Each structure stands twice: as structure tokens, then as C-alpha cells.
file upload_17.tsv (TSV, C-alpha atoms)
chain	number	residue	atom	x	y	z
A	1	MET	CA	-86.93	-113.27	1.13
A	2	VAL	CA	-84.77	-114.27	-1.85
A	3	LYS	CA	-82.71	-111.08	-1.47
A	4	LYS	CA	-82.15	-111.79	2.23
A	5	GLU	CA	-81.07	-115.36	1.53
A	6	PHE	CA	-78.69	-114.13	-1.19
A	7	LYS	CA	-77.03	-111.69	1.23
A	8	MET	CA	-76.64	-114.44	3.83
A	9	LEU	CA	-75.13	-116.80	1.24
A	10	LYS	CA	-72.68	-114.10	0.17
A	11	LYS	CA	-71.66	-113.50	3.77
A	12	ILE	CA	-71.07	-117.22	4.35
A	13	GLN	CA	-68.99	-117.42	1.18
A	14	ILE	CA	-66.82	-114.53	2.38
A	15	TYR	CA	-66.10	-116.18	5.69
A	16	TYR	CA	-65.41	-119.55	4.09
A	17	TYR	CA	-62.95	-117.78	1.79
A	18	THR	CA	-61.18	-116.34	4.84
A	19	PHE	CA	-60.78	-119.72	6.48
A	20	PHE	CA	-59.61	-121.16	3.16
A	21	VAL	CA	-56.89	-118.52	2.96
A	22	ILE	CA	-55.80	-119.24	6.53
A	23	ALA	CA	-55.79	-122.99	5.88
A	24	LEU	CA	-53.78	-122.47	2.70
A	25	PHE	CA	-51.12	-120.58	4.65
A	26	CYS	CA	-50.99	-123.42	7.16
A	27	PHE	CA	-49.87	-125.85	4.46
A	28	THR	CA	-47.46	-123.44	2.82
A	29	THR	CA	-43.83	-122.95	3.74
A	30	ILE	CA	-43.67	-119.66	5.60
A	31	THR	CA	-40.75	-117.28	5.28
A	32	HIS	CA	-40.88	-114.05	7.19
A	33	SER	CA	-38.82	-111.81	9.44
A	34	SER	CA	-38.80	-112.39	13.18
A	35	GLU	CA	-40.02	-108.83	13.73
A	36	ASN	CA	-43.73	-108.45	14.34
A	37	ASN	CA	-44.72	-105.06	12.93
A	38	THR	CA	-48.39	-105.50	13.85
A	39	LEU	CA	-47.72	-106.22	17.52
A	40	ILE	CA	-49.11	-103.64	19.94
A	41	SER	CA	-47.05	-103.50	23.10
A	42	LEU	CA	-47.26	-101.23	26.09
A	43	GLY	CA	-44.98	-101.05	29.11
A	44	ASP	CA	-41.33	-101.50	29.99
A	45	LYS	CA	-39.49	-104.29	28.15
A	46	ASN	CA	-37.72	-105.10	31.41
A	47	SER	CA	-40.94	-105.55	33.37
A	48	LYS	CA	-41.13	-108.60	35.63
A	49	VAL	CA	-44.33	-109.75	33.97
A	50	THR	CA	-45.27	-109.95	30.30
A	51	ILE	CA	-48.91	-110.49	29.39
A	52	LYS	CA	-49.73	-111.70	25.89
A	53	VAL	CA	-53.33	-111.52	24.72
A	54	PHE	CA	-54.17	-113.36	21.50
A	55	SER	CA	-57.38	-111.79	20.35
A	56	SER	CA	-59.81	-111.52	17.46
A	57	LEU	CA	-61.24	-108.02	17.13
A	58	THR	CA	-64.74	-109.37	16.43
A	59	CYS	CA	-64.72	-111.63	19.49
A	60	PRO	CA	-67.19	-110.46	22.22
A	61	HIS	CA	-65.19	-112.23	24.95
A	62	CYS	CA	-62.07	-110.34	23.82
A	63	ALA	CA	-63.96	-107.06	24.05
A	64	HIS	CA	-65.20	-108.01	27.51
A	65	PHE	CA	-61.68	-108.84	28.71
A	66	HIS	CA	-60.32	-105.59	27.34
A	67	SER	CA	-63.02	-103.41	28.87
A	68	LYS	CA	-63.15	-105.14	32.26
A	69	ILE	CA	-59.46	-105.85	32.82
A	70	PHE	CA	-57.14	-103.88	30.53
A	71	LYS	CA	-57.96	-100.35	31.74
A	72	LYS	CA	-57.40	-101.27	35.40
A	73	LEU	CA	-54.35	-103.31	34.44
A	74	LYS	CA	-52.89	-100.28	32.67
A	75	LYS	CA	-53.29	-98.06	35.71
A	76	ASP	CA	-52.16	-100.53	38.38
A	77	PHE	CA	-49.39	-102.45	36.65
A	78	ILE	CA	-48.41	-101.18	33.20
A	79	GLU	CA	-47.91	-97.52	34.06
A	80	THR	CA	-45.89	-98.56	37.12
A	81	ASN	CA	-43.53	-100.63	34.89
A	82	VAL	CA	-44.46	-103.90	36.56
A	83	VAL	CA	-46.24	-105.38	33.53
A	84	ARG	CA	-45.61	-105.31	29.80
A	85	PHE	CA	-48.80	-105.82	27.79
A	86	GLU	CA	-48.90	-107.26	24.26
A	87	HIS	CA	-51.86	-107.44	21.89
A	88	HIS	CA	-51.39	-110.23	19.33
A	89	GLY	CA	-53.89	-110.22	16.49
A	90	PHE	CA	-55.54	-113.60	15.98
A	91	PRO	CA	-58.37	-112.89	13.48
A	92	LEU	CA	-61.09	-115.51	13.28
A	93	ASP	CA	-62.96	-113.96	10.35
A	94	LEU	CA	-62.54	-111.51	7.49
A	95	ALA	CA	-63.94	-108.55	9.43
A	96	ALA	CA	-61.40	-109.08	12.21
A	97	LEU	CA	-58.62	-109.48	9.68
A	98	ASN	CA	-59.50	-106.19	7.99
A	99	ALA	CA	-59.72	-104.36	11.30
A	100	GLU	CA	-56.33	-105.78	12.26
A	101	LYS	CA	-54.87	-104.58	8.95
A	102	ILE	CA	-56.09	-101.02	9.52
A	103	LEU	CA	-54.72	-101.18	13.06
A	104	GLY	CA	-51.39	-102.28	11.60
A	105	CYS	CA	-51.30	-99.28	9.27
A	106	LEU	CA	-51.05	-96.86	12.18
A	107	ASN	CA	-47.44	-96.03	13.00
A	108	ASN	CA	-47.99	-94.34	16.35
A	109	VAL	CA	-48.29	-96.76	19.28
A	110	GLU	CA	-50.60	-94.48	21.25
A	111	LYS	CA	-52.91	-94.08	18.24
A	112	LYS	CA	-52.94	-97.86	17.82
A	113	LEU	CA	-53.91	-98.33	21.44
A	114	VAL	CA	-56.69	-95.73	21.30
A	115	PHE	CA	-58.00	-97.27	18.07
A	116	LEU	CA	-57.84	-100.73	19.65
A	117	ASN	CA	-59.92	-99.42	22.56
A	118	GLU	CA	-62.48	-97.98	20.15
A	119	LEU	CA	-62.68	-101.17	18.09
A	120	TYR	CA	-63.58	-103.11	21.22
A	121	GLU	CA	-65.96	-100.47	22.60
A	122	LYS	CA	-67.86	-100.17	19.30
A	123	GLN	CA	-67.56	-103.81	18.25
A	124	GLY	CA	-71.33	-104.25	18.25
A	125	VAL	CA	-71.62	-101.47	15.66
A	126	TRP	CA	-68.81	-101.93	13.11
A	127	ALA	CA	-68.48	-105.74	13.23
A	128	VAL	CA	-72.02	-106.43	11.97
A	129	GLY	CA	-73.50	-105.82	8.54
A	130	PRO	CA	-75.03	-107.46	5.47
A	131	ASP	CA	-71.62	-107.94	3.84
A	132	ILE	CA	-67.92	-107.22	4.27
A	133	ASN	CA	-68.17	-104.02	2.21
A	134	SER	CA	-70.53	-102.43	4.73
A	135	ILE	CA	-68.17	-103.42	7.54
A	136	ASN	CA	-65.21	-101.94	5.65
A	137	LEU	CA	-67.11	-98.66	5.25
A	138	LYS	CA	-67.66	-98.46	9.00
A	139	LEU	CA	-63.98	-99.20	9.66
A	140	THR	CA	-62.97	-96.56	7.13
A	141	LYS	CA	-65.13	-93.96	8.85
A	142	MET	CA	-63.57	-94.80	12.22
A	143	ALA	CA	-60.04	-94.74	10.81
A	144	LYS	CA	-60.42	-91.13	9.63
A	145	ASN	CA	-60.13	-90.01	13.24
A	146	TYR	CA	-56.62	-91.46	13.29
A	147	GLY	CA	-55.25	-89.78	10.19
A	148	LEU	CA	-56.18	-92.44	7.65
A	149	ASN	CA	-58.24	-91.12	4.73
A	150	ASP	CA	-60.22	-93.26	2.28
A	151	ASP	CA	-57.24	-93.89	-0.02
A	152	LYS	CA	-54.94	-94.86	2.84
A	153	VAL	CA	-57.50	-97.29	4.24
A	154	LYS	CA	-58.08	-98.77	0.77
A	155	ASN	CA	-54.34	-99.25	0.28
A	156	CYS	CA	-54.13	-100.77	3.74
A	157	LEU	CA	-56.91	-103.27	3.04
A	158	ASN	CA	-55.26	-104.19	-0.26
A	159	ASP	CA	-51.80	-104.59	1.31
A	160	GLU	CA	-50.99	-108.26	0.69
A	161	GLY	CA	-47.73	-108.02	2.61
A	162	LEU	CA	-49.49	-106.80	5.73
A	163	GLU	CA	-52.18	-109.45	5.37
A	164	GLU	CA	-49.53	-112.15	5.03
A	165	GLU	CA	-47.74	-110.88	8.13
A	166	ILE	CA	-50.92	-110.97	10.21
A	167	LEU	CA	-51.85	-114.46	9.00
A	168	ASN	CA	-48.29	-115.72	9.47
A	169	ASN	CA	-48.29	-114.42	13.03
A	170	ARG	CA	-51.62	-116.13	13.61
A	171	ILE	CA	-50.35	-119.44	12.25
A	172	ASN	CA	-47.13	-119.33	14.25
A	173	ALA	CA	-49.00	-118.40	17.42
A	174	HIS	CA	-51.30	-121.38	16.87
A	175	LYS	CA	-48.32	-123.68	16.36
A	176	LYS	CA	-46.43	-122.41	19.41
A	177	TYR	CA	-49.31	-122.01	21.86
A	178	SER	CA	-52.00	-124.36	20.43
A	179	ILE	CA	-54.56	-121.56	20.49
A	180	LYS	CA	-58.09	-122.86	19.96
A	181	SER	CA	-60.18	-119.85	20.97
A	182	THR	CA	-59.95	-116.15	21.75
A	183	PRO	CA	-58.95	-114.51	23.91
A	184	THR	CA	-56.08	-116.78	24.90
A	185	ILE	CA	-53.96	-115.09	27.53
A	186	PHE	CA	-50.48	-115.84	28.80
A	187	ILE	CA	-48.77	-114.44	31.88
A	188	ASN	CA	-45.02	-115.01	31.57
A	189	GLU	CA	-45.72	-117.78	29.04
A	190	LYS	CA	-48.15	-119.56	31.37
A	191	GLU	CA	-51.71	-119.71	30.08
A	192	TYR	CA	-54.25	-117.93	32.24
A	193	LYS	CA	-57.41	-120.02	32.60
A	194	GLY	CA	-59.12	-118.14	35.40
A	195	GLU	CA	-62.19	-115.94	35.40
A	196	HIS	CA	-62.15	-112.76	33.34
A	197	LYS	CA	-62.53	-110.68	36.48
A	198	TYR	CA	-59.96	-108.12	37.47
A	199	GLN	CA	-59.36	-109.31	41.02
A	200	ASP	CA	-58.76	-112.89	39.83
A	201	PHE	CA	-56.44	-111.68	37.10
A	202	LYS	CA	-54.60	-109.41	39.53
A	203	LYS	CA	-53.94	-112.35	41.87
A	204	ALA	CA	-52.55	-114.37	38.95
A	205	ILE	CA	-50.11	-111.54	38.15
A	206	GLU	CA	-49.02	-111.12	41.76
A	207	LYS	CA	-47.89	-114.77	41.86
A	208	PHE	CA	-45.04	-113.76	39.53
A	209	LEU	CA	-43.91	-110.78	41.60

call {"tool": "encode", "arguments": {"input": "upload_17.tsv", "output": "C-alpha cells"}}
result
Amino acid sequence: MVKKEFKMLKKIQIYYYTFFVIALFCFTTITHSSENNTLISLGDKNSKVTIKVFSSLTCPHCAHFHSKIFKKLKKDFIETNVVRFEHHGFPLDLAALNAEKILGCLNNVEKKLVFLNELYEKQGVWAVGPDINSINLKLTKMAKNYGLNDDKVKNCLNDEGLEEEILNNRINAHKKYSIKSTPTIFINEKEYKGEHKYQDFKKAIEKFL
């Protein structure tokens, strides 16, 4: 019982540390380039509609949106150059932050997208564990399928510059869009507040066409 309580305490401390780091950045003057190297975008830049999804990779609602809407959206609108899709990392905990960092270490857009799909599909497996180390091990195992060995993943997780970029993007997104929960979705800069059902989402897109 004592061992179990110790593990739980350690887990809580890790997550409190994450929120402390994020809060610290909020009260610090931020200097960064306008380029977002961790952004995952798919579709024509000149598309009539741009969809921005601000998501935490450990968020079940984000996984639901991605599985129920994104795949159909890709076929019907993205591949036909009507919609440009953007994944914006908005980590709500340390596990999501680490997953976002590994995602950011992939240079190939297609690999990033496939890994993003897998992170959502297997969220119930990798995003749970007694501590952050066990979660990192699961992420490392998954990342090997995308050309990242143990050393590369370790370097990625220890990359302070990448971590700062992700947290800066999160802070600036919160300031600009007043994001309070994930996923927060915008269609041509207008927040989508409808049901996370494809037909409802499709109708919202068609209003801009």
C-alpha cells in the first residue's frame, strides 16, 4: 500500500512540475521565431478552408475527434485541395509534452502524420503508467518504427530548445485564442463548437465554400 501511494505521489509531483514550467513561461518574456517547426500541416496552402486543431496527445476527446473526423476529412476535403489541416500541439501534461517532442523530431511530414495517427490510436496504451519513465519507454518503442533509435529519442526528450518551442507555441495559442480545453478547433479562424460528428463538421466546412 505504501509503495502504491509513493508511486501516486511521484506521478502527481511530475504533473505539478509540468504545470509549474508552463506557468513560469507564461510570466517570462518570450522571444522566438515566427516559424513553427513543430506544426503538422497537410493540404494546399491556398485552400479555401484552413482547419486548426489545438490538441493534447493524451486527451481522449482529441483522439476521438481524430479517429472519427480526420480520416474522412482527409479523403473528402484535404486530398481534393479544399481544406488545409493543421495540428497544433497543446500539451496538458508531461506525457503529452514528451510525445509532442518526439513527434517534433521527425523531419518527414508523412512520418509525422502516421505517428500522430498511431499516438491517438494507441493512446490508451502508451499514455498510462506508474510514472513518466514507463511512458517514455513506450514512446521510445513506438518511435523506433519511424527511424528514431534510443539515443535519438533520448536526445529529443532532452532537447530544451524543442521543449521551449512547444511551450511557447502553447502559450501564444492560449493568448491568441483563449484556449481552455482540448481539442479546440477553428475553421477559418472561427471556433467550431458543434458536435464531434463528421456530418456536423462537414456542414460547418461547407458554409465557407

call {"tool": "atom_distance", "arguments": {"input": "upload_17.tsv", "atom1": "atom CA of Asn158 of chain A", "atom2": "atom CA of Tyr120 of chain A"}}
result
23.1 Å

call {"tool": "residues_around", "arguments": {"input": "upload_17.tsv", "residues": "Ala204 of chain A", "least_positions_apart": "4", "cutoff": "12 Å", "atoms": "all atoms listed in the file", "output": "list in words"}}
result
Val49, Ile51, Ile185, Phe186, Ile187, Asn188, Lys190, Glu191, Tyr192, Lys193, Gly194, Glu195, His196, Lys197, Tyr198, Gln199, Asp200, Phe208 and Leu209 of chain A

call {"tool": "write_last_selection", "arguments": {"input": "upload_17.tsv", "atoms": "C-alpha atoms", "output": "PDB file, keeping the file's coordinate frame"}}
result
ATOM      1  CA  VAL A  49     -44.330-109.750  33.970  1.00  0.00           C
ATOM      2  CA  ILE A  51     -48.910-110.490  29.390  1.00  0.00           C
ATOM      3  CA  ILE A 185     -53.960-115.090  27.530  1.00  0.00           C
ATOM      4  CA  PHE A 186     -50.480-115.840  28.800  1.00  0.00           C
ATOM      5  CA  ILE A 187     -48.770-114.440  31.880  1.00  0.00           C
ATOM      6  CA  ASN A 188     -45.020-115.010  31.570  1.00  0.00           C
ATOM      7  CA  LYS A 190     -48.150-119.560  31.370  1.00  0.00           C
ATOM      8  CA  GLU A 191     -51.710-119.710  30.080  1.00  0.00           C
ATOM      9  CA  TYR A 192     -54.250-117.930  32.240  1.00  0.00           C
ATOM     10  CA  LYS A 193     -57.410-120.020  32.600  1.00  0.00           C
ATOM     11  CA  GLY A 194     -59.120-118.140  35.400  1.00  0.00           C
ATOM     12  CA  GLU A 195     -62.190-115.940  35.400  1.00  0.00           C
ATOM     13  CA  HIS A 196     -62.150-112.760  33.340  1.00  0.00           C
ATOM     14  CA  LYS A 197     -62.530-110.680  36.480  1.00  0.00           C
ATOM     15  CA  TYR A 198     -59.960-108.120  37.470  1.00  0.00           C
ATOM     16  CA  GLN A 199     -59.360-109.310  41.020  1.00  0.00           C
ATOM     17  CA  ASP A 200     -58.760-112.890  39.830  1.00  0.00           C
ATOM     18  CA  PHE A 208     -45.040-113.760  39.530  1.00  0.00           C
ATOM     19  CA  LEU A 209     -43.910-110.780  41.600  1.00  0.00           C
TER      20      LEU A 209
END

call {"tool": "closest_residue", "arguments": {"input": "upload_17.tsv", "among": "A:Thr58, A:Ser178, A:Thr50, A:Asn108", "to": "Phe77 of chain A", "atoms": "all atoms listed in the file"}}
result
A:Thr50

call {"tool": "closest_residue", "arguments": {"input": "upload_17.tsv", "among": "A:Lys202, A:Lys48, A:Lys175, A:Lys101", "to": "Ala143 of chain A", "atoms": "only C-alpha atoms"}}
result
A:Lys101

call {"tool": "atom_distance", "arguments": {"input": "upload_17.tsv", "atom1": "atom CA of Lys75 of chain A", "atom2": "atom CA of Ala173 of chain A"}}
result
27.7 Å

call {"tool": "atom_distance", "arguments": {"input": "upload_17.tsv", "atom1": "atom CA of Lys138 of chain A", "atom2": "atom CA of Pro183 of chain A"}}
result
23.6 Å

call {"tool": "closest_residue", "arguments": {"input": "upload_17.tsv", "among": "A:Asn169, A:Leu139, A:Leu157, A:Gly89", "to": "Val125 of chain A", "atoms": "only C-alpha atoms"}}
result
A:Leu139

call {"tool": "residues_near_point", "arguments": {"input": "upload_17.tsv", "point": "(-59.8, -115.4, 15.2)", "cutoff": "12 Å", "atoms": "all atoms listed in the file", "output": "compact mmCIF listing (two decimals) with C-alpha atoms, keeping the file's coordinate frame"}}
result
# COMPACT_ATOMS: atom_id res chain seq x y z
CA TYR A 15 -66.10 -116.18 5.69
CA THR A 18 -61.18 -116.34 4.84
CA PHE A 19 -60.78 -119.72 6.48
CA ILE A 22 -55.80 -119.24 6.53
CA PHE A 54 -54.17 -113.36 21.50
CA SER A 55 -57.38 -111.79 20.35
CA SER A 56 -59.81 -111.52 17.46
CA LEU A 57 -61.24 -108.02 17.13
CA THR A 58 -64.74 -109.37 16.43
CA CYS A 59 -64.72 -111.63 19.49
CA PRO A 60 -67.19 -110.46 22.22
CA HIS A 61 -65.19 -112.23 24.95
CA CYS A 62 -62.07 -110.34 23.82
CA HIS A 88 -51.39 -110.23 19.33
CA GLY A 89 -53.89 -110.22 16.49
CA PHE A 90 -55.54 -113.60 15.98
CA PRO A 91 -58.37 -112.89 13.48
CA LEU A 92 -61.09 -115.51 13.28
CA ASP A 93 -62.96 -113.96 10.35
CA LEU A 94 -62.54 -111.51 7.49
CA ALA A 95 -63.94 -108.55 9.43
CA ALA A 96 -61.40 -109.08 12.21
CA LEU A 97 -58.62 -109.48 9.68
CA ASN A 98 -59.50 -106.19 7.99
CA ALA A 99 -59.72 -104.36 11.30
CA GLU A 100 -56.33 -105.78 12.26
CA ILE A 166 -50.92 -110.97 10.21
CA LEU A 167 -51.85 -114.46 9.00
CA ASN A 169 -48.29 -114.42 13.03
CA ARG A 170 -51.62 -116.13 13.61
CA ILE A 171 -50.35 -119.44 12.25
CA ALA A 173 -49.00 -118.40 17.42
CA HIS A 174 -51.30 -121.38 16.87
CA ILE A 179 -54.56 -121.56 20.49
CA LYS A 180 -58.09 -122.86 19.96
CA SER A 181 -60.18 -119.85 20.97
CA THR A 182 -59.95 -116.15 21.75
CA PRO A 183 -58.95 -114.51 23.91
CA THR A 184 -56.08 -116.78 24.90

call {"tool": "closest_residue", "arguments": {"input": "upload_17.tsv", "among": "A:Ser41, A:Asn46, A:Gln123, A:Asn172", "to": "Ile135 of chain A", "atoms": "all atoms listed in the file"}}
result
A:Gln123

call {"tool": "closest_residue", "arguments": {"input": "upload_17.tsv", "among": "A:Leu73, A:Val153, A:Val53, A:Lys207", "to": "Asn136 of chain A", "atoms": "only C-alpha atoms"}}
result
A:Val153

call {"tool": "closest_residue", "arguments": {"input": "upload_17.tsv", "among": "A:Phe201, A:Glu189, A:Asp150, A:Ile40", "to": "Phe70 of chain A", "atoms": "all atoms listed in the file"}}
result
A:Phe201

call {"tool": "residues_around", "arguments": {"input": "upload_17.tsv", "residues": "Asn149 of chain A", "least_positions_apart": "6", "cutoff": "12 Å", "atoms": "only C-alpha atoms", "output": "ChimeraX atom specification"}}
result
/A:102,105-106,137,139-143,155-156

call {"tool": "decode", "arguments": {"input": "upload_17.tsv", "residues": "segment 85-175 of chain A", "atoms": "C-alpha atoms", "output": "mmCIF file, in the first residue's frame"}}
result
data_model
loop_
_atom_site.group_PDB
_atom_site.id
_atom_site.type_symbol
_atom_site.label_atom_id
_atom_site.label_comp_id
_atom_site.auth_asym_id
_atom_site.auth_seq_id
_atom_site.Cartn_x
_atom_site.Cartn_y
_atom_site.Cartn_z
ATOM 1 C CA PHE A 85 -5.389 20.834 -41.920
ATOM 2 C CA GLU A 86 -3.084 21.914 -39.081
ATOM 3 C CA HIS A 87 -2.250 20.037 -35.892
ATOM 4 C CA HIS A 88 -1.116 22.428 -33.155
ATOM 5 C CA GLY A 89 0.357 20.762 -30.091
ATOM 6 C CA PHE A 90 -1.233 21.976 -26.861
ATOM 7 C CA PRO A 91 0.139 19.571 -24.200
ATOM 8 C CA LEU A 92 -1.770 19.467 -20.933
ATOM 9 C CA ASP A 93 0.655 17.181 -19.093
ATOM 10 C CA LEU A 94 4.207 15.891 -19.190
ATOM 11 C CA ALA A 95 3.331 12.737 -21.130
ATOM 12 C CA ALA A 96 1.697 14.797 -23.880
ATOM 13 C CA LEU A 97 4.649 17.170 -23.931
ATOM 14 C CA ASN A 98 7.119 14.315 -24.379
ATOM 15 C CA ALA A 99 5.041 12.731 -27.126
ATOM 16 C CA GLU A 100 4.865 16.103 -28.869
ATOM 17 C CA LYS A 101 8.654 16.449 -28.620
ATOM 18 C CA ILE A 102 9.228 13.068 -30.264
ATOM 19 C CA LEU A 103 6.708 13.996 -32.938
ATOM 20 C CA GLY A 104 8.661 17.206 -33.498
ATOM 21 C CA CYS A 105 11.888 15.271 -34.011
ATOM 22 C CA LEU A 106 10.567 13.632 -37.166
ATOM 23 C CA ASN A 107 11.526 15.595 -40.271
ATOM 24 C CA ASN A 108 9.247 13.872 -42.762
ATOM 25 C CA VAL A 109 5.680 15.219 -42.794
ATOM 26 C CA GLU A 110 4.165 11.894 -43.809
ATOM 27 C CA LYS A 111 6.005 10.098 -40.993
ATOM 28 C CA LYS A 112 4.765 12.742 -38.559
ATOM 29 C CA LEU A 113 1.202 12.223 -39.688
ATOM 30 C CA VAL A 114 1.406 8.427 -39.447
ATOM 31 C CA PHE A 115 2.977 8.706 -35.988
ATOM 32 C CA LEU A 116 0.275 11.171 -34.954
ATOM 33 C CA ASN A 117 -2.350 8.650 -36.060
ATOM 34 C CA GLU A 118 -0.658 5.911 -34.028
ATOM 35 C CA LEU A 119 -0.352 8.095 -30.931
ATOM 36 C CA TYR A 120 -4.095 8.675 -30.987
ATOM 37 C CA GLU A 121 -4.997 5.072 -31.837
ATOM 38 C CA LYS A 122 -2.802 3.651 -29.054
ATOM 39 C CA GLN A 123 -3.350 6.452 -26.551
ATOM 40 C CA GLY A 124 -4.885 4.072 -24.026
ATOM 41 C CA VAL A 125 -1.663 2.039 -24.039
ATOM 42 C CA TRP A 126 1.279 4.471 -24.058
ATOM 43 C CA ALA A 127 -0.296 7.368 -22.113
ATOM 44 C CA VAL A 128 -0.804 5.379 -18.896
ATOM 45 C CA GLY A 129 1.776 4.041 -16.468
ATOM 46 C CA PRO A 130 3.094 4.239 -12.916
ATOM 47 C CA ASP A 131 5.481 7.074 -13.794
ATOM 48 C CA ILE A 132 6.755 9.194 -16.669
ATOM 49 C CA ASN A 133 9.722 6.866 -17.236
ATOM 50 C CA SER A 134 7.438 3.961 -18.119
ATOM 51 C CA ILE A 135 5.534 6.211 -20.519
ATOM 52 C CA ASN A 136 8.789 7.367 -22.113
ATOM 53 C CA LEU A 137 9.815 3.738 -22.657
ATOM 54 C CA LYS A 138 6.578 3.043 -24.504
ATOM 55 C CA LEU A 139 7.036 6.157 -26.645
ATOM 56 C CA THR A 140 10.617 5.141 -27.396
ATOM 57 C CA LYS A 141 9.485 1.707 -28.542
ATOM 58 C CA MET A 142 6.888 3.262 -30.852
ATOM 59 C CA ALA A 143 9.360 5.801 -32.239
ATOM 60 C CA LYS A 144 11.718 3.054 -33.441
ATOM 61 C CA ASN A 145 9.285 2.321 -36.259
ATOM 62 C CA TYR A 146 9.902 5.837 -37.551
ATOM 63 C CA GLY A 147 13.678 5.771 -37.648
ATOM 64 C CA LEU A 148 14.354 7.081 -34.146
ATOM 65 C CA ASN A 149 16.597 4.811 -32.066
ATOM 66 C CA ASP A 150 17.033 5.002 -28.290
ATOM 67 C CA ASP A 151 19.755 7.667 -28.451
ATOM 68 C CA LYS A 152 17.793 9.864 -30.841
ATOM 69 C CA VAL A 153 14.684 9.678 -28.669
ATOM 70 C CA LYS A 154 16.750 10.447 -25.555
ATOM 71 C CA ASN A 155 18.303 13.470 -27.256
ATOM 72 C CA CYS A 156 14.862 14.533 -28.401
ATOM 73 C CA LEU A 157 13.395 14.333 -24.903
ATOM 74 C CA ASN A 158 16.357 16.303 -23.541
ATOM 75 C CA ASP A 159 16.126 18.984 -26.255
ATOM 76 C CA GLU A 160 15.398 22.151 -24.273
ATOM 77 C CA GLY A 161 15.067 24.228 -27.432
ATOM 78 C CA LEU A 162 12.341 21.979 -28.802
ATOM 79 C CA GLU A 163 10.570 21.929 -25.446
ATOM 80 C CA GLU A 164 10.677 25.719 -25.287
ATOM 81 C CA GLU A 165 9.267 25.978 -28.806
ATOM 82 C CA ILE A 166 6.348 23.681 -27.987
ATOM 83 C CA LEU A 167 5.565 25.514 -24.742
ATOM 84 C CA ASN A 168 5.921 28.913 -26.414
ATOM 85 C CA ASN A 169 3.503 27.848 -29.130
ATOM 86 C CA ARG A 170 1.104 26.650 -26.451
ATOM 87 C CA ILE A 171 1.310 29.928 -24.552
ATOM 88 C CA ASN A 172 0.851 32.058 -27.655
ATOM 89 C CA ALA A 173 -2.084 29.934 -28.806
ATOM 90 C CA HIS A 174 -3.697 30.401 -25.398
ATOM 91 C CA LYS A 175 -3.171 34.160 -25.576
#
